[in-house]
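Visitor: So here's my_file-v5.pdb, just PDB, C-alpha atoms, pLDDT in the B column:
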```
ATOM      1  CA  MET A1008       2.352  -5.106  12.153  1.00 92.00           C
ATOM      2  CA  CYS A1009       2.656  -4.765  15.923  1.00 92.00           C
ATOM      3  CA  ASP A1010       1.772  -1.492  17.654  1.00 93.00           C
ATOM      4  CA  ASP A1011       1.977  -2.662  21.282  1.00 90.00           C
ATOM      5  CA  LEU A1012       5.301  -3.590  22.822  1.00 81.00           C
ATOM      6  CA  ALA A1013       3.526  -6.013  25.177  1.00 82.00           C
ATOM      7  CA  GLY A1014       2.367  -7.991  22.131  1.00 74.00           C
ATOM      8  CA  TRP A1015       5.734  -7.924  20.358  1.00 76.00           C
ATOM      9  CA  ASP A1016       7.107 -11.408  19.761  1.00 79.00           C
ATOM     10  CA  PRO A1017      10.860 -11.226  19.060  1.00 81.00           C
ATOM     11  CA  LEU A1018      10.627 -14.524  17.151  1.00 83.00           C
ATOM     12  CA  THR A1019       8.510 -12.775  14.502  1.00 80.00           C
ATOM     13  CA  ARG A1020      10.796  -9.755  14.109  1.00 78.00           C
ATOM     14  CA  ASN A1021      11.807 -10.773  10.584  1.00 83.00           C
ATOM     15  CA  HIS A1022       8.255 -10.725   9.227  1.00 85.00           C
ATOM     16  CA  VAL A1023       6.268  -8.401  11.508  1.00 88.00           C
ATOM     17  CA  LEU A1024       6.803  -4.659  11.365  1.00 91.00           C
ATOM     18  CA  ARG A1025       7.021  -3.028  14.787  1.00 92.00           C
ATOM     19  CA  VAL A1026       5.408   0.403  15.092  1.00 93.00           C
ATOM     20  CA  LEU A1027       6.286   2.542  18.096  1.00 90.00           C
ATOM     21  CA  ARG A1028       2.932   4.335  18.466  1.00 94.00           C
ATOM     22  CA  PRO A1029      -0.579   2.900  18.928  1.00 96.00           C
ATOM     23  CA  LEU A1030      -2.529   2.833  15.657  1.00 97.00           C
ATOM     24  CA  ASP A1031      -6.138   3.834  15.044  1.00 98.00           C
ATOM     25  CA  VAL A1032      -7.064   1.101  12.578  1.00 98.00           C
ATOM     26  CA  ASP A1033     -10.445   2.671  11.750  1.00 98.00           C
ATOM     27  CA  ARG A1034      -8.702   5.868  10.586  1.00 98.00           C
ATOM     28  CA  MET A1035      -6.255   3.827   8.534  1.00 98.00           C
ATOM     29  CA  ASP A1036      -9.086   1.895   6.884  1.00 98.00           C
ATOM     30  CA  LYS A1037     -11.035   5.077   6.057  1.00 98.00           C
ATOM     31  CA  ALA A1038      -7.947   6.719   4.553  1.00 98.00           C
ATOM     32  CA  ALA A1039      -7.162   3.591   2.531  1.00 98.00           C
ATOM     33  CA  LYS A1040     -10.664   3.500   1.023  1.00 98.00           C
ATOM     34  CA  GLN A1041     -10.056   6.966  -0.473  1.00 98.00           C
ATOM     35  CA  LEU A1042      -7.295   5.514  -2.682  1.00 98.00           C
ATOM     36  CA  LEU A1043      -9.351   2.764  -4.336  1.00 98.00           C
ATOM     37  CA  GLY A1044      -9.791   2.789  -8.096  1.00 95.00           C
ATOM     38  CA  GLU A1045      -7.580   3.535 -11.068  1.00 92.00           C
ATOM     39  CA  HIS A1046      -5.115   6.339 -10.406  1.00 94.00           C
ATOM     40  CA  ASP A1047      -1.610   7.405 -11.259  1.00 93.00           C
ATOM     41  CA  PHE A1048       0.282   6.231  -8.157  1.00 94.00           C
ATOM     42  CA  ALA A1049       3.479   8.121  -9.078  1.00 93.00           C
ATOM     43  CA  ALA A1050       3.434   9.772  -5.634  1.00 95.00           C
ATOM     44  CA  PHE A1051       3.826   6.337  -4.033  1.00 95.00           C
ATOM     45  CA  CYS A1052       6.188   4.723  -6.557  1.00 92.00           C
ATOM     46  CA  LYS A1053       9.865   4.858  -7.340  1.00 87.00           C
ATOM     47  CA  ARG A1054      10.088   6.088 -10.930  1.00 81.00           C
ATOM     48  CA  ARG A1055      11.415   3.744 -13.597  1.00 83.00           C
ATOM     49  CA  GLU A1056      12.200   5.006 -17.080  1.00 83.00           C
ATOM     50  CA  GLY A1057       9.383   4.215 -19.508  1.00 77.00           C
ATOM     51  CA  ALA A1058       7.192   2.503 -16.910  1.00 82.00           C
ATOM     52  CA  SER A1059       3.633   3.518 -16.172  1.00 85.00           C
ATOM     53  CA  THR A1060       2.606   4.239 -12.592  1.00 89.00           C
ATOM     54  CA  VAL A1061      -1.124   3.993 -13.317  1.00 90.00           C
ATOM     55  CA  ARG A1062      -2.635   1.146 -11.340  1.00 90.00           C
ATOM     56  CA  SER A1063      -6.064  -0.031 -10.229  1.00 91.00           C
ATOM     57  CA  LEU A1064      -6.184  -0.418  -6.473  1.00 95.00           C
ATOM     58  CA  LEU A1065      -8.930  -3.004  -5.993  1.00 95.00           C
ATOM     59  CA  ASP A1066      -8.860  -3.499  -2.220  1.00 96.00           C
ATOM     60  CA  PHE A1067      -7.040  -1.716   0.579  1.00 97.00           C
ATOM     61  CA  THR A1068      -8.214  -2.595   4.074  1.00 98.00           C
ATOM     62  CA  TRP A1069      -6.938  -2.570   7.636  1.00 98.00           C
ATOM     63  CA  ARG A1070      -8.060  -4.620  10.627  1.00 97.00           C
ATOM     64  CA  ARG A1071      -6.906  -5.542  14.092  1.00 96.00           C
ATOM     65  CA  THR A1072      -6.373  -9.307  14.310  1.00 93.00           C
ATOM     66  CA  ALA A1073      -5.423  -9.449  18.024  1.00 89.00           C
ATOM     67  CA  PRO A1074      -4.372  -7.000  20.736  1.00 91.00           C
ATOM     68  CA  GLY A1075      -1.348  -5.175  19.363  1.00 92.00           C
ATOM     69  CA  GLN A1076      -1.613  -6.875  15.949  1.00 93.00           C
ATOM     70  CA  VAL A1077      -2.687  -4.970  12.822  1.00 95.00           C
ATOM     71  CA  GLU A1078      -3.082  -6.471   9.358  1.00 95.00           C
ATOM     72  CA  GLY A1079      -3.399  -4.647   6.066  1.00 96.00           C
ATOM     73  CA  THR A1080      -4.553  -6.098   2.753  1.00 96.00           C
ATOM     74  CA  VAL A1081      -3.597  -4.518  -0.563  1.00 96.00           C
ATOM     75  CA  VAL A1082      -4.938  -5.883  -3.858  1.00 95.00           C
ATOM     76  CA  ALA A1083      -4.248  -4.287  -7.235  1.00 93.00           C
ATOM     77  CA  ASP A1084      -4.042  -5.175 -10.903  1.00 88.00           C
ATOM     78  CA  ALA A1085      -0.286  -4.574 -10.566  1.00 87.00           C
ATOM     79  CA  PHE A1086       2.144  -2.779  -8.280  1.00 91.00           C
ATOM     80  CA  CYS A1087       4.958  -0.425  -9.155  1.00 91.00           C
ATOM     81  CA  HIS A1088       8.307  -0.311  -7.364  1.00 90.00           C
ATOM     82  CA  SER A1089       7.929   0.526  -3.625  1.00 93.00           C
ATOM     83  CA  MET A1090       4.197   1.216  -4.026  1.00 95.00           C
ATOM     84  CA  VAL A1091       2.936  -1.053  -1.238  1.00 96.00           C
ATOM     85  CA  ARG A1092       5.705  -0.026   1.142  1.00 96.00           C
ATOM     86  CA  ALA A1093       4.897   3.668   0.596  1.00 97.00           C
ATOM     87  CA  LEU A1094       1.140   3.110   0.895  1.00 97.00           C
ATOM     88  CA  VAL A1095       1.637   1.292   4.202  1.00 97.00           C
ATOM     89  CA  GLY A1096       3.926   4.061   5.443  1.00 97.00           C
ATOM     90  CA  SER A1097       1.309   6.695   4.662  1.00 98.00           C
ATOM     91  CA  MET A1098      -1.359   4.703   6.506  1.00 98.00           C
ATOM     92  CA  ILE A1099       0.877   4.404   9.585  1.00 97.00           C
ATOM     93  CA  ALA A1100       1.190   8.208   9.635  1.00 97.00           C
ATOM     94  CA  VAL A1101      -2.609   8.476   9.578  1.00 98.00           C
ATOM     95  CA  GLY A1102      -3.089   5.706  12.129  1.00 98.00           C
ATOM     96  CA  ASP A1103      -0.709   7.162  14.693  1.00 97.00           C
ATOM     97  CA  GLY A1104      -2.235  10.633  14.322  1.00 97.00           C
ATOM     98  CA  ARG A1105       0.701  12.423  12.694  1.00 96.00           C
ATOM     99  CA  ARG A1106      -1.279  13.002   9.490  1.00 97.00           C
ATOM    100  CA  ASP A1107      -4.887  13.858   8.699  1.00 97.00           C
ATOM    101  CA  LEU A1108      -7.272  11.255   7.312  1.00 96.00           C
ATOM    102  CA  SER A1109      -7.276  12.968   3.901  1.00 97.00           C
ATOM    103  CA  TRP A1110      -3.483  13.271   3.615  1.00 98.00           C
ATOM    104  CA  PRO A1111      -2.798  10.080   1.556  1.00 98.00           C
ATOM    105  CA  ALA A1112      -5.480  11.088  -0.975  1.00 98.00           C
ATOM    106  CA  ALA A1113      -3.920  14.570  -1.210  1.00 97.00           C
ATOM    107  CA  VAL A1114      -0.491  13.007  -1.820  1.00 97.00           C
ATOM    108  CA  LEU A1115      -2.008  10.810  -4.546  1.00 97.00           C
ATOM    109  CA  ALA A1116      -3.728  13.808  -6.184  1.00 96.00           C
ATOM    110  CA  ALA A1117      -0.475  15.817  -6.165  1.00 94.00           C
ATOM    111  CA  GLY A1118       1.074  13.150  -8.397  1.00 90.00           C
ATOM    112  CA  VAL A1119       4.655  13.667  -7.226  1.00 90.00           C
ATOM    113  CA  ARG A1120       6.726  11.726  -4.739  1.00 89.00           C
ATOM    114  CA  ASP A1121       6.278  13.294  -1.297  1.00 87.00           C
ATOM    115  CA  PRO A1122       9.349  13.022   0.956  1.00 90.00           C
ATOM    116  CA  ALA A1123       6.971  12.941   3.965  1.00 91.00           C
ATOM    117  CA  VAL A1124       5.782   9.483   2.888  1.00 93.00           C
ATOM    118  CA  PHE A1125       7.813   6.934   4.831  1.00 93.00           C
ATOM    119  CA  VAL A1126       8.609   3.781   2.864  1.00 95.00           C
ATOM    120  CA  VAL A1127       8.384   0.932   5.382  1.00 95.00           C
ATOM    121  CA  PRO A1128      10.935  -1.880   5.401  1.00 92.00           C
ATOM    122  CA  ALA A1129      10.012  -4.868   3.245  1.00 90.00           C
ATOM    123  CA  HIS A1130      10.355  -7.367   6.087  1.00 85.00           C
ATOM    124  CA  GLY A1131       6.870  -6.517   7.380  1.00 82.00           C
ATOM    125  CA  LEU A1132       5.152  -7.386   4.091  1.00 84.00           C
ATOM    126  CA  THR A1133       4.098 -10.767   2.770  1.00 84.00           C
ATOM    127  CA  LEU A1134       3.097 -11.517  -0.809  1.00 82.00           C
ATOM    128  CA  GLU A1135       0.302 -14.035  -0.479  1.00 84.00           C
ATOM    129  CA  GLU A1136      -0.991 -14.536  -3.989  1.00 82.00           C
ATOM    130  CA  VAL A1137      -0.441 -13.702  -7.632  1.00 83.00           C
ATOM    131  CA  ARG A1138      -3.316 -14.289 -10.017  1.00 79.00           C
ATOM    132  CA  TYR A1139      -3.032 -14.471 -13.777  1.00 75.00           C
ATOM    133  CA  PRO A1140      -5.806 -14.198 -16.352  1.00 75.00           C
ATOM    134  CA  ALA A1141      -7.156 -17.343 -17.978  1.00 80.00           C
ATOM    135  CA  ASP A1142      -4.878 -18.741 -20.711  1.00 77.00           C
ATOM    136  CA  GLU A1143      -7.062 -17.362 -23.506  1.00 78.00           C
ATOM    137  CA  GLU A1144      -6.828 -13.836 -21.998  1.00 79.00           C
ATOM    138  CA  LEU A1145      -3.159 -13.879 -21.004  1.00 76.00           C
ATOM    139  CA  ALA A1146      -1.624 -12.509 -24.230  1.00 78.00           C
ATOM    140  CA  ALA A1147      -4.114  -9.637 -24.448  1.00 77.00           C
ATOM    141  CA  ARG A1148      -3.557  -8.757 -20.781  1.00 72.00           C
ATOM    142  CA  ALA A1149       0.232  -8.809 -21.239  1.00 67.00           C
ATOM    143  CA  LEU A1150      -0.033  -6.323 -24.120  1.00 69.00           C
ATOM    144  CA  GLU A1151      -2.399  -4.115 -22.138  1.00 67.00           C
ATOM    145  CA  SER A1152      -0.151  -4.006 -19.069  1.00 61.00           C
ATOM    146  CA  ARG A1153       2.918  -3.051 -21.152  1.00 60.00           C
ATOM    147  CA  GLN A1154       1.169  -0.047 -22.651  1.00 59.00           C
ATOM    148  CA  VAL A1155       1.627   3.251 -20.895  1.00 56.00           C
ATOM    149  CA  ARG A1156      -1.867   4.014 -19.744  1.00 51.00           C
ATOM    150  CA  GLY A1157      -3.503   7.233 -20.763  1.00 51.00           C
ATOM    151  CA  GLU A1158      -4.608  10.092 -18.560  1.00 49.00           C
ATOM    152  CA  VAL A1159      -6.712   8.853 -15.690  1.00 49.00           C
ATOM    153  CA  HIS A1160      -9.465  10.586 -13.827  1.00 47.00           C
ATOM    154  CA  ARG A1161      -8.171  11.890 -10.508  1.00 46.00           C
ATOM    155  CA  GLY A1162     -10.940  11.698  -8.028  1.00 46.00           C
TER     156      GLY A1162
END
```
Could you take the file, read its structure, and then write that structure out as structure tokens?
Guide:
Amino acid sequence: MCDDLAGWDPLTRNHVLRVLRPLDVDRMDKAAKQLLGEHDFAAFCKRREGASTVRSLLDFTWRRTAPGQVEGTVVADAFCHSMVRALVGSMIAVGDGRRDLSWPAAVLAAGVRDPAVFVVPAHGLTLEEVRYPADEELAARALESRQVRGEVHRG
């Protein structure tokens, strides 16, 4: 993501998201940490009939890699439709000062899709890795992930 027009490289426009306001990466990182753990991410997902929106967010961090360049890392046991794009959009709102640090956690706790959450375009996101369980654990994990997960602790 690029938040400084001076650092914007037009050759990267197809895989770097341009943000029009400067971002406070420390605020974004603090807000992201509040979402870690197993939660129902329905507020950040596009609903699909019969699909669970409960996920375990294992890592969600933000850092500045160079002047004007911001990188986010999102690791989970699985993602639901539009989840990462909505999470990134909520962090941008925190980083540019439009929303309070606690706002993404409040959206998560509400459990319903919030129209104030901007879903960023996909062109700024890169899938870097998919990990699967060891062969002997794969069948059990596939069954577990297909089950609609029970009530989770919101906290």
Visitor: With only C-alpha atoms as the counted atoms, please give the residues lying no more than 9 Å from His1130 (chain A), apart from itself and same-chain residues fewer than 3 positions off, as a ChimeraX atom specification.
Guide: /A:1020-1024,1127,1133
Visitor: Which residue, A:Arg1028, A:His1088, A:Arg1106, A:Arg1138, has the smallest gap to Asp1010 (chain A) when you use all atoms listed in the file?
Guide: A:Arg1028
Visitor: I'd like the contact shell of Thr1072 (chain A) - 12 Å cut-off, only C-alpha atoms, skipping same-chain residues fewer than 3 positions apart - returned as a list in words.
Guide: Met1008, Cys1009, Asp1010, Gly1014, Val1032, Trp1069, Gly1075, Gln1076, Val1077, Glu1078 and Gly1079 of chain A
Visitor: Would you output that residue set with C-alpha atoms, as a PDB file, keeping the file's coordinate frame?
Guide:
```
ATOM      1  CA  MET A1008       2.352  -5.106  12.153  1.00 92.00           C
ATOM      2  CA  CYS A1009       2.656  -4.765  15.923  1.00 92.00           C
ATOM      3  CA  ASP A1010       1.772  -1.492  17.654  1.00 93.00           C
ATOM      4  CA  GLY A1014       2.367  -7.991  22.131  1.00 74.00           C
ATOM      5  CA  VAL A1032      -7.064   1.101  12.578  1.00 98.00           C
ATOM      6  CA  TRP A1069      -6.938  -2.570   7.636  1.00 98.00           C
ATOM      7  CA  GLY A1075      -1.348  -5.175  19.363  1.00 92.00           C
ATOM      8  CA  GLN A1076      -1.613  -6.875  15.949  1.00 93.00           C
ATOM      9  CA  VAL A1077      -2.687  -4.970  12.822  1.00 95.00           C
ATOM     10  CA  GLU A1078      -3.082  -6.471   9.358  1.00 95.00           C
ATOM     11  CA  GLY A1079      -3.399  -4.647   6.066  1.00 96.00           C
TER      12      GLY A1079
END
```
Visitor: Which residue gives the smallest distance to Val1119 (chain A) among A:Arg1148, A:Asp1033, A:Asp1047, A:Phe1086, with only C-alpha atoms counted?
Guide: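 That would be A:Asp1047, the residue with the smallest distance to Val1119 (chain A).
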Visitor: In Å, how far is it from CA of Val1095 (chain A) to CA of Gly1057 (chain A)?
Guide: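 Calculated distance between CA of Val1095 (chain A) and CA of Gly1057 (chain A) is 25.1 Å.
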Visitor: Between CA of Glu1143 (chain A) and CA of Val1081 (chain A), what distance in Å does the model show, to one decimal?
Guide: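 A separation of 26.5 Å between them.
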Visitor: At a cut-off of 9 Å, using only C-alpha atoms, what residues contact Ile1099 (chain A)? Leave out same-chain residues fewer than 6 positions from it and give the result as a PyMOL selection string.
Guide: chain A and resi 1026+1030-1031+1035+1105-1106+1125
Visitor: Convert the current residue selection to file output with C-alpha atoms, as a tab-separated table (two decimals), keeping the file's coordinate frame.
Guide:
```
chain	number	residue	atom	x	y	z
A	1026	VAL	CA	5.41	0.40	15.09
A	1030	LEU	CA	-2.53	2.83	15.66
A	1031	ASP	CA	-6.14	3.83	15.04
A	1035	MET	CA	-6.26	3.83	8.53
A	1105	ARG	CA	0.70	12.42	12.69
A	1106	ARG	CA	-1.28	13.00	9.49
A	1125	PHE	CA	7.81	6.93	4.83
```
Visitor: Enter the distance from CA of Leu1043 (chain A) to CA of Phe1067 (chain A), in Å, rounded to one decimal.
Guide: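 For CA of Leu1043 (chain A) relative to CA of Phe1067 (chain A), the distance reads 7.0 Å.
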Visitor: Skip Arg1092 (chain A) itself and residues of its chain fewer than 3 positions away, then list as a count of residues only all residues within 8 Å of it, counting all atoms listed in the file.
Guide: 8
Visitor: Would you translate the PyMOL selection byres ((chain A and resi 1050) around 9) into the concrete set of residues it matches in this file, as a list of chain:residue names?
Guide: A:Asp1047, A:Phe1048, A:Ala1049, A:Phe1051, A:Cys1052, A:Lys1053, A:Thr1060, A:Met1090, A:Ala1093, A:Val1114, A:Leu1115, A:Ala1116, A:Ala1117, A:Gly1118, A:Val1119, A:Arg1120, A:Asp1121, A:Val1124
Visitor: Taking all atoms of region 1039-1047 of chain A that appear in the file, build a box with edges along x, y and z, extend it by 8 Å on every side, and state its centre and edge lengths in Å to one decimal, as JSON.
Guide:
```
{"center_x": -6.1, "center_y": 5.1, "center_z": -4.4, "size_x": 25.1, "size_y": 20.6, "size_z": 29.8}
```
Visitor: Tell me which of A:Ala1112, A:Ala1123, A:Ala1073, A:Ala1100 sits closest to Leu1027 (chain A), counting only C-alpha atoms.
Guide: A:Ala1100
Visitor: Using only C-alpha atoms, which residue out of A:Met1098, A:Leu1065, A:Leu1012, A:Cys1087 lies closest to Ala1039 (chain A)?
Guide: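 With only C-alpha atoms as the atom set, the closest residue is A:Met1098.
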Visitor: As a JSON list (two decimals), in the coordinates of the input, could you write out region 1049-1075 of chain A once it has been completed with N, CA, C and O atoms?
Guide:
```
[["chain", "number", "residue", "atom", "x", "y", "z"],
["A", 1049, "ALA", "N", 2.10, 7.63, -9.02],
["A", 1049, "ALA", "CA", 3.48, 8.12, -9.08],
["A", 1049, "ALA", "C", 3.96, 8.64, -7.73],
["A", 1049, "ALA", "O", 5.13, 8.50, -7.39],
["A", 1050, "ALA", "N", 3.06, 9.22, -6.94],
["A", 1050, "ALA", "CA", 3.43, 9.77, -5.63],
["A", 1050, "ALA", "C", 3.86, 8.69, -4.64],
["A", 1050, "ALA", "O", 4.51, 8.98, -3.65],
["A", 1051, "PHE", "N", 3.50, 7.44, -4.93],
["A", 1051, "PHE", "CA", 3.83, 6.34, -4.03],
["A", 1051, "PHE", "C", 4.78, 5.33, -4.68],
["A", 1051, "PHE", "O", 4.99, 4.25, -4.13],
["A", 1052, "CYS", "N", 5.34, 5.67, -5.83],
["A", 1052, "CYS", "CA", 6.19, 4.72, -6.56],
["A", 1052, "CYS", "C", 7.56, 5.32, -6.83],
["A", 1052, "CYS", "O", 7.69, 6.53, -7.03],
["A", 1053, "LYS", "N", 8.54, 4.45, -6.90],
["A", 1053, "LYS", "CA", 9.86, 4.86, -7.34],
["A", 1053, "LYS", "C", 9.83, 4.84, -8.87],
["A", 1053, "LYS", "O", 9.49, 3.83, -9.48],
["A", 1054, "ARG", "N", 10.16, 5.96, -9.47],
["A", 1054, "ARG", "CA", 10.09, 6.09, -10.93],
["A", 1054, "ARG", "C", 11.06, 5.14, -11.62],
["A", 1054, "ARG", "O", 12.18, 4.95, -11.18],
["A", 1055, "ARG", "N", 10.57, 4.56, -12.73],
["A", 1055, "ARG", "CA", 11.42, 3.74, -13.60],
["A", 1055, "ARG", "C", 11.19, 4.24, -15.02],
["A", 1055, "ARG", "O", 10.05, 4.42, -15.46],
["A", 1056, "GLU", "N", 12.26, 4.47, -15.72],
["A", 1056, "GLU", "CA", 12.20, 5.01, -17.08],
["A", 1056, "GLU", "C", 11.27, 4.18, -17.96],
["A", 1056, "GLU", "O", 11.42, 2.97, -18.07],
["A", 1057, "GLY", "N", 10.29, 4.85, -18.57],
["A", 1057, "GLY", "CA", 9.38, 4.22, -19.51],
["A", 1057, "GLY", "C", 8.27, 3.40, -18.89],
["A", 1057, "GLY", "O", 7.44, 2.84, -19.60],
["A", 1058, "ALA", "N", 8.22, 3.32, -17.57],
["A", 1058, "ALA", "CA", 7.19, 2.50, -16.91],
["A", 1058, "ALA", "C", 6.01, 3.38, -16.48],
["A", 1058, "ALA", "O", 6.18, 4.50, -16.04],
["A", 1059, "SER", "N", 4.84, 2.83, -16.61],
["A", 1059, "SER", "CA", 3.63, 3.52, -16.17],
["A", 1059, "SER", "C", 3.46, 3.34, -14.67],
["A", 1059, "SER", "O", 3.80, 2.29, -14.11],
["A", 1060, "THR", "N", 2.92, 4.34, -14.02],
["A", 1060, "THR", "CA", 2.61, 4.24, -12.59],
["A", 1060, "THR", "C", 1.10, 4.25, -12.36],
["A", 1060, "THR", "O", 0.63, 4.40, -11.24],
["A", 1061, "VAL", "N", 0.34, 4.08, -13.43],
["A", 1061, "VAL", "CA", -1.12, 3.99, -13.32],
["A", 1061, "VAL", "C", -1.48, 2.57, -12.93],
["A", 1061, "VAL", "O", -1.05, 1.61, -13.59],
["A", 1062, "ARG", "N", -2.23, 2.45, -11.86],
["A", 1062, "ARG", "CA", -2.64, 1.15, -11.34],
["A", 1062, "ARG", "C", -4.08, 1.22, -10.88],
["A", 1062, "ARG", "O", -4.58, 2.29, -10.54],
["A", 1063, "SER", "N", -4.72, 0.06, -10.81],
["A", 1063, "SER", "CA", -6.06, -0.03, -10.23],
["A", 1063, "SER", "C", -5.94, -0.68, -8.86],
["A", 1063, "SER", "O", -5.61, -1.86, -8.76],
["A", 1064, "LEU", "N", -6.20, 0.10, -7.83],
["A", 1064, "LEU", "CA", -6.18, -0.42, -6.47],
["A", 1064, "LEU", "C", -7.58, -0.98, -6.20],
["A", 1064, "LEU", "O", -8.56, -0.25, -6.14],
["A", 1065, "LEU", "N", -7.66, -2.30, -6.09],
["A", 1065, "LEU", "CA", -8.93, -3.00, -5.99],
["A", 1065, "LEU", "C", -9.42, -3.17, -4.56],
["A", 1065, "LEU", "O", -10.62, -3.17, -4.30],
["A", 1066, "ASP", "N", -8.50, -3.33, -3.63],
["A", 1066, "ASP", "CA", -8.86, -3.50, -2.22],
["A", 1066, "ASP", "C", -7.71, -2.99, -1.37],
["A", 1066, "ASP", "O", -6.54, -3.27, -1.66],
["A", 1067, "PHE", "N", -8.03, -2.23, -0.35],
["A", 1067, "PHE", "CA", -7.04, -1.72, 0.58],
["A", 1067, "PHE", "C", -7.73, -1.59, 1.92],
["A", 1067, "PHE", "O", -8.51, -0.66, 2.15],
["A", 1068, "THR", "N", -7.50, -2.55, 2.80],
["A", 1068, "THR", "CA", -8.21, -2.60, 4.07],
["A", 1068, "THR", "C", -7.25, -2.83, 5.23],
["A", 1068, "THR", "O", -6.17, -3.39, 5.06],
["A", 1069, "TRP", "N", -7.70, -2.41, 6.40],
["A", 1069, "TRP", "CA", -6.94, -2.57, 7.64],
["A", 1069, "TRP", "C", -7.85, -3.14, 8.71],
["A", 1069, "TRP", "O", -9.01, -2.77, 8.80],
["A", 1070, "ARG", "N", -7.29, -4.06, 9.52],
["A", 1070, "ARG", "CA", -8.06, -4.62, 10.63],
["A", 1070, "ARG", "C", -7.11, -5.04, 11.74],
["A", 1070, "ARG", "O", -5.93, -5.30, 11.51],
["A", 1071, "ARG", "N", -7.66, -5.07, 12.94],
["A", 1071, "ARG", "CA", -6.91, -5.54, 14.09],
["A", 1071, "ARG", "C", -7.22, -7.02, 14.25],
["A", 1071, "ARG", "O", -8.36, -7.41, 14.36],
["A", 1072, "THR", "N", -6.18, -7.86, 14.24],
["A", 1072, "THR", "CA", -6.37, -9.31, 14.31],
["A", 1072, "THR", "C", -6.26, -9.83, 15.74],
["A", 1072, "THR", "O", -6.75, -10.92, 16.03],
["A", 1073, "ALA", "N", -5.60, -9.09, 16.61],
["A", 1073, "ALA", "CA", -5.42, -9.45, 18.02],
["A", 1073, "ALA", "C", -4.91, -8.19, 18.73],
["A", 1073, "ALA", "O", -4.49, -7.24, 18.07],
["A", 1074, "PRO", "N", -4.93, -8.17, 20.05],
["A", 1074, "PRO", "CA", -4.37, -7.00, 20.74],
["A", 1074, "PRO", "C", -2.93, -6.75, 20.28],
["A", 1074, "PRO", "O", -2.09, -7.65, 20.31],
["A", 1075, "GLY", "N", -2.68, -5.54, 19.82],
["A", 1075, "GLY", "CA", -1.35, -5.18, 19.36],
["A", 1075, "GLY", "C", -1.00, -5.62, 17.95],
["A", 1075, "GLY", "O", 0.06, -5.31, 17.45]]
```
